[in-house]
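Asker: One structure coming up, written as structure tokens, with questions to follow.
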There are 2 protein chains.
Amino acid sequence: MDDLSTPAFLVDRDIVTRNCDRMRAKAERSGVAFRPHVKTHKVAEIGRLQHGGAAGPITVSTLAEAEHFAAAGFGDITYAVPIAPAKLERAAALGRAIERLNILVDSQAALQAVESFAGERPGTVFDVFLKVDCGYHRAGVDPSRPESVQLALALSRSSAVRFRGLLTHAGHSYNSLTTAEVLAIAKQETAAVTNFAATLAQEGAGELVRSIGSTPTCTHAESFTDCDEVRPGNYVFFDAFQATLGSCSMSDVAVSVLTTVVGCYPDREELIVDAAALALSKDPGPNLIDPTFGYGLVCDLELRPQPLKLIALSQEHGKIEVEGNAARWPVGTRLRIVPNHSCLTAAMYDRYAVLSAGQLVDEWRPVRGW
Amino acid sequence: MDDLSTPAFLVDRDIVTRNCDRMRAKAERSGVAFRPHVKTHKVAEIGRLQHGGAAGPITVSTLAEAEHFAAAGFGDITYAVPIAPAKLERAAALGRAIERLNILVDSQAALQAVESFAGERPGTVFDVFLKVDCGYHRAGVDPSRPESVQLALALSRSSAVRFRGLLTHAGHSYNSLTTAEVLAIAKQETAAVTNFAATLAQEGAGELVRSIGSTPTCTHAESFTDCDEVRPGNYVFFDAFQATLGSCSMSDVAVSVLTTVVGCYPDREELIVDAAALALSKDPGPNLIDPTFGYGLVCDLELRPQPLKLIALSQEHGKIEVEGNAARWPVGTRLRIVPNHSCLTAAMYDRYAVLSAGQLVDEWRPVRGW
């Protein structure tokens, strides 16, 4: 680790493996299909760790991820953002190249785009999930509205579509302040797809996969019930936010940013480190739960938290407020920062430094872009 | 532009050229040296536009930028972040390969590291600027303290150092609410280096370059006085924040993010677009001046602002609050988002789509990493 130039993104492979095994075991124990999200890490090696070595079913957030993982042998992929009509051509090409690419639709307009595209290309059929809103109010249809039932039935009847199931994401669990709130939202998440699937079954929509998944709801749940498939993602790395939220302990967080003190100002009790907005992202993390948290948890090389608060990030200067004598951390001191939001921090790097038993053992290259 | 997959980072070369010419003309008119920052764009082509075609003196924020621009023919570079001792070897190698690499020091500890490194490698001499704090309180020595004078004199006497000058950056101008405040800070910025240089001249420190620069202070100033060199950076692109601050008008902003509506929810008056945290960064931008601003200015393809507010960014879903009927922007509609902070947004892309007279004319590749 001494030879790494800072800032560097460190991934503890032992912790990643443990996090992966634990979540996969819970899914197996619960008898549900496991389709983890890979957007947090975007690395084929970790995709395999999520499945105990196999290139199993995955969820992605971009077509670039889908194509990268397909090239690495992953053949069953759900692209979990509502599809833009202009991306149907790329999706169709990838769908032909692998076993299955599921796309997401949540509007009549998108279905029309799918049908129009397929209509001009005989033999084209898309595997489609209907995105359902379980209370997060980001994407997805409101399952209580008659139009949503109509859209689902239109999907089940469309010759351009193999209607695979209902997919929801309880992103609002990230705004919970307590475990009880997370668990209440987990119930909303499964209820949304279970109740809607029951309604659609009465209407003759056929068998539908009920797919759920967010890291807070998946980690807080003892087991998975009232669903057929789970799609957690952040659990692979976790982060300071998930630890504050109680999804994990700080020792479960697999990633940190290695940084160097480049400025030490004892008279104003501050340090400057060389990890800032481009090395960490400006995600405010757990500030809803703890407004004093700062832009990441500043630790020593053994990941022991220090009395140092990362209070401001410009592009390449991270500003730390020191409790005590700043001279304890002179210029050249190396620190590790546990990121607030590992998905956004990981995305700032073209390579990850991989550790095992504290030693540098590998380098992983994530896919980037769209 | 129709063929671009979204999200895409659009750079209007005509506006970039105009912004570049205007700032360079002001520096020439003022009779000061011009060493623009390239951290905003990280593209060699734009570095040349900043100098009217030449590979002139530049400022960088990472050694990766320095090496990239050196390979593209730029031979006079200032690395404007206090140097980490472990980076001296890379800096020395680059300094040997080009005409001059200036590094930054603001502590006795850093000077000791420089002297220790040079002591073990006969003939090694670093070109050094002393970083001076003009009130931003990020990096830099307090010019009013006797230790700062002592450090400057130690630099002027060190055989490991060619002491080049004093460098300051009025980053606190970004927190100004009025033009009057920006102009007051611009005076602080020049006064800090001018007064300190005068003190050091009396102590026999020799001739020192007084280097200043921040985009707000450099754009608001009619001309540059009481300094020898200016280093603005963001002015090349500008952004929604600089326009709100009055550094430019919105028509001077050269960049935008092309995005597609992927979800349209008239019942809750919201849209989802495919540009979010990884396509824009989560910089809050001008929220100090206008708390209702959102994560970027949402415009149509002709850059006319729309009654749409970007209220939340997850990794790949950008959530827009609609004033009026969301159905006006159906799924598939393309929009352009003027970013809050162009430096952080540009850094999310491996390629820029270059426009001239509204047509796609080129693709530029920025350097990334550290």
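Just remember, in the structure tokens the first chain shown is A, the second B, etc., residues are 1-based per chain, and ligands are 1-based in the order shown.
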Can you pull out the residues contacting range 100-116 of chain B? Cut-off 7 Å, using only C-alpha atoms, and skip same-chain residues under 2 positions away; I want them as number ranges by chain.

Answerer: A: 331; B: 75-83, 85, 95, 98, 118-120, 127-131, 140-141, 151, 160

Asker: Check the DSSP output for the backbone and give back, as an MDAnalysis selection string, the residues of range 253-352 of chain A in strand (DSSP E or B).

Answerer: chainID A and resid 255:265 270:273 296:299 305:313 318:322 334:339 352

Asker: Of the candidates B:Ala326, B:Ile272, B:Leu344, B:Met1, which one gets nearest to Ser314 in chain B if we count only C-alpha atoms?

Answerer: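 The closest residue to Ser314 in chain B is B:Ile272.
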
Asker: With a cut-off of 9 Å and counting only C-alpha atoms, select all residues of chain B in contact with chain A and give the selection as a PDB file with C-alpha atoms, in the first residue's frame.

Answerer:
```
ATOM      1  CA  ASP B   3     -27.238  10.719 -33.046  1.00  0.00           C
ATOM      2  CA  SER B   5     -26.569   8.802 -26.934  1.00  0.00           C
ATOM      3  CA  THR B   6     -27.593  10.426 -23.655  1.00  0.00           C
ATOM      4  CA  PRO B   7     -26.309  11.599 -21.296  1.00  0.00           C
ATOM      5  CA  ALA B   8     -23.658  13.461 -23.310  1.00  0.00           C
ATOM      6  CA  LYS B  39      -8.453  21.690 -14.507  1.00  0.00           C
ATOM      7  CA  SER B  61      -4.495  20.519 -10.415  1.00  0.00           C
ATOM      8  CA  THR B  62      -2.994  17.018 -10.734  1.00  0.00           C
ATOM      9  CA  VAL B  81      -1.834  22.030  -5.140  1.00  0.00           C
ATOM     10  CA  PRO B  82       0.677  21.783  -2.261  1.00  0.00           C
ATOM     11  CA  ILE B  83       2.945  18.896  -3.195  1.00  0.00           C
ATOM     12  CA  ALA B  84       2.768  15.600  -1.295  1.00  0.00           C
ATOM     13  CA  PRO B  85       6.315  14.440  -0.463  1.00  0.00           C
ATOM     14  CA  ALA B  86       5.665  11.080  -2.156  1.00  0.00           C
ATOM     15  CA  LYS B  87       4.953  12.914  -5.437  1.00  0.00           C
ATOM     16  CA  VAL B 105       4.990  24.639  -1.020  1.00  0.00           C
ATOM     17  CA  ASP B 106       3.374  26.210   2.026  1.00  0.00           C
ATOM     18  CA  SER B 107       5.182  24.656   4.993  1.00  0.00           C
ATOM     19  CA  ALA B 109       7.760  20.325   6.345  1.00  0.00           C
ATOM     20  CA  ALA B 110       7.270  20.417   2.586  1.00  0.00           C
ATOM     21  CA  HIS B 137      -8.288  29.736   4.373  1.00  0.00           C
ATOM     22  CA  ARG B 138      -7.836  26.589   2.339  1.00  0.00           C
ATOM     23  CA  ALA B 139      -4.106  26.156   1.606  1.00  0.00           C
ATOM     24  CA  GLY B 140      -1.350  28.742   1.997  1.00  0.00           C
ATOM     25  CA  VAL B 141       0.651  30.581   4.626  1.00  0.00           C
ATOM     26  CA  THR B 260     -33.582  12.280 -22.438  1.00  0.00           C
ATOM     27  CA  VAL B 261     -36.891  12.145 -20.574  1.00  0.00           C
ATOM     28  CA  VAL B 262     -37.324   8.466 -19.633  1.00  0.00           C
ATOM     29  CA  GLY B 263     -40.275   8.894 -17.270  1.00  0.00           C
ATOM     30  CA  CYS B 264     -43.240  11.273 -17.422  1.00  0.00           C
ATOM     31  CA  TYR B 265     -45.693  11.414 -14.487  1.00  0.00           C
ATOM     32  CA  ARG B 268     -47.410  13.982  -9.668  1.00  0.00           C
ATOM     33  CA  GLU B 270     -42.671  15.092 -12.348  1.00  0.00           C
ATOM     34  CA  LEU B 271     -40.267  13.822 -14.985  1.00  0.00           C
ATOM     35  CA  ILE B 272     -37.312  11.452 -14.800  1.00  0.00           C
ATOM     36  CA  ASP B 274     -31.300   9.954 -17.739  1.00  0.00           C
ATOM     37  CA  ALA B 277     -25.410  12.194 -10.112  1.00  0.00           C
ATOM     38  CA  LEU B 278     -22.925  10.485 -12.465  1.00  0.00           C
ATOM     39  CA  ALA B 279     -23.743  12.760 -15.399  1.00  0.00           C
ATOM     40  CA  SER B 281     -22.167  15.660 -10.129  1.00  0.00           C
ATOM     41  CA  LYS B 282     -24.114  16.560  -7.002  1.00  0.00           C
ATOM     42  CA  ASP B 283     -22.711  20.057  -6.723  1.00  0.00           C
ATOM     43  CA  PRO B 284     -25.395  22.266  -5.162  1.00  0.00           C
ATOM     44  CA  GLN B 315     -27.065   7.574  -9.590  1.00  0.00           C
ATOM     45  CA  GLU B 316     -28.808   7.464 -12.997  1.00  0.00           C
ATOM     46  CA  HIS B 317     -32.247   8.978 -12.358  1.00  0.00           C
ATOM     47  CA  GLY B 318     -32.611  12.768 -12.367  1.00  0.00           C
ATOM     48  CA  LYS B 319     -35.927  13.916 -10.919  1.00  0.00           C
ATOM     49  CA  PRO B 330     -43.197  13.185 -23.026  1.00  0.00           C
ATOM     50  CA  VAL B 331     -40.887  10.157 -22.826  1.00  0.00           C
ATOM     51  CA  GLY B 332     -38.174  10.574 -25.459  1.00  0.00           C
ATOM     52  CA  CYS B 343     -15.418  21.572 -13.527  1.00  0.00           C
ATOM     53  CA  LEU B 344     -17.085  18.746 -11.602  1.00  0.00           C
ATOM     54  CA  ALA B 347     -14.844  15.369 -14.928  1.00  0.00           C
ATOM     55  CA  MET B 348     -17.627  12.769 -15.162  1.00  0.00           C
ATOM     56  CA  TYR B 349     -17.012  12.251 -18.905  1.00  0.00           C
ATOM     57  CA  ASP B 350     -14.360  10.400 -20.898  1.00  0.00           C
ATOM     58  CA  ARG B 368      -8.620  11.732 -15.879  1.00  0.00           C
ATOM     59  CA  GLY B 369      -7.264  10.470 -12.594  1.00  0.00           C
ATOM     60  CA  TRP B 370      -4.280  11.705 -10.667  1.00  0.00           C
TER      61      TRP B 370
END
```

Asker: From the DSSP assignment of the backbone, select every residue of range 151-199 of chain B that is alpha helix (DSSP H), and format the answer as a list in words.

Answerer: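 Taking range 151-199 of chain B and keeping alpha helix (DSSP H) gives Leu151, Ala152, Leu153, Ala154, Leu155, Ser156, Arg157, Thr179, Ala180, Glu181, Val182, Leu183, Ala184, Ile185, Ala186, Lys187, Gln188, Glu189, Thr190, Ala191, Ala192, Val193, Thr194, Asn195, Phe196, Ala197, Ala198 and Thr199 of chain B.
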
Asker: Need the shell around Leu303 in chain B: protein/DNA/RNA residues with any atom at most 10 Å away, counting only C-alpha atoms. Skip same-chain ones fewer than 6 positions apart. Format as a PyMOL selection string?

Answerer: chain B and resi 250-251+256+297+335-338
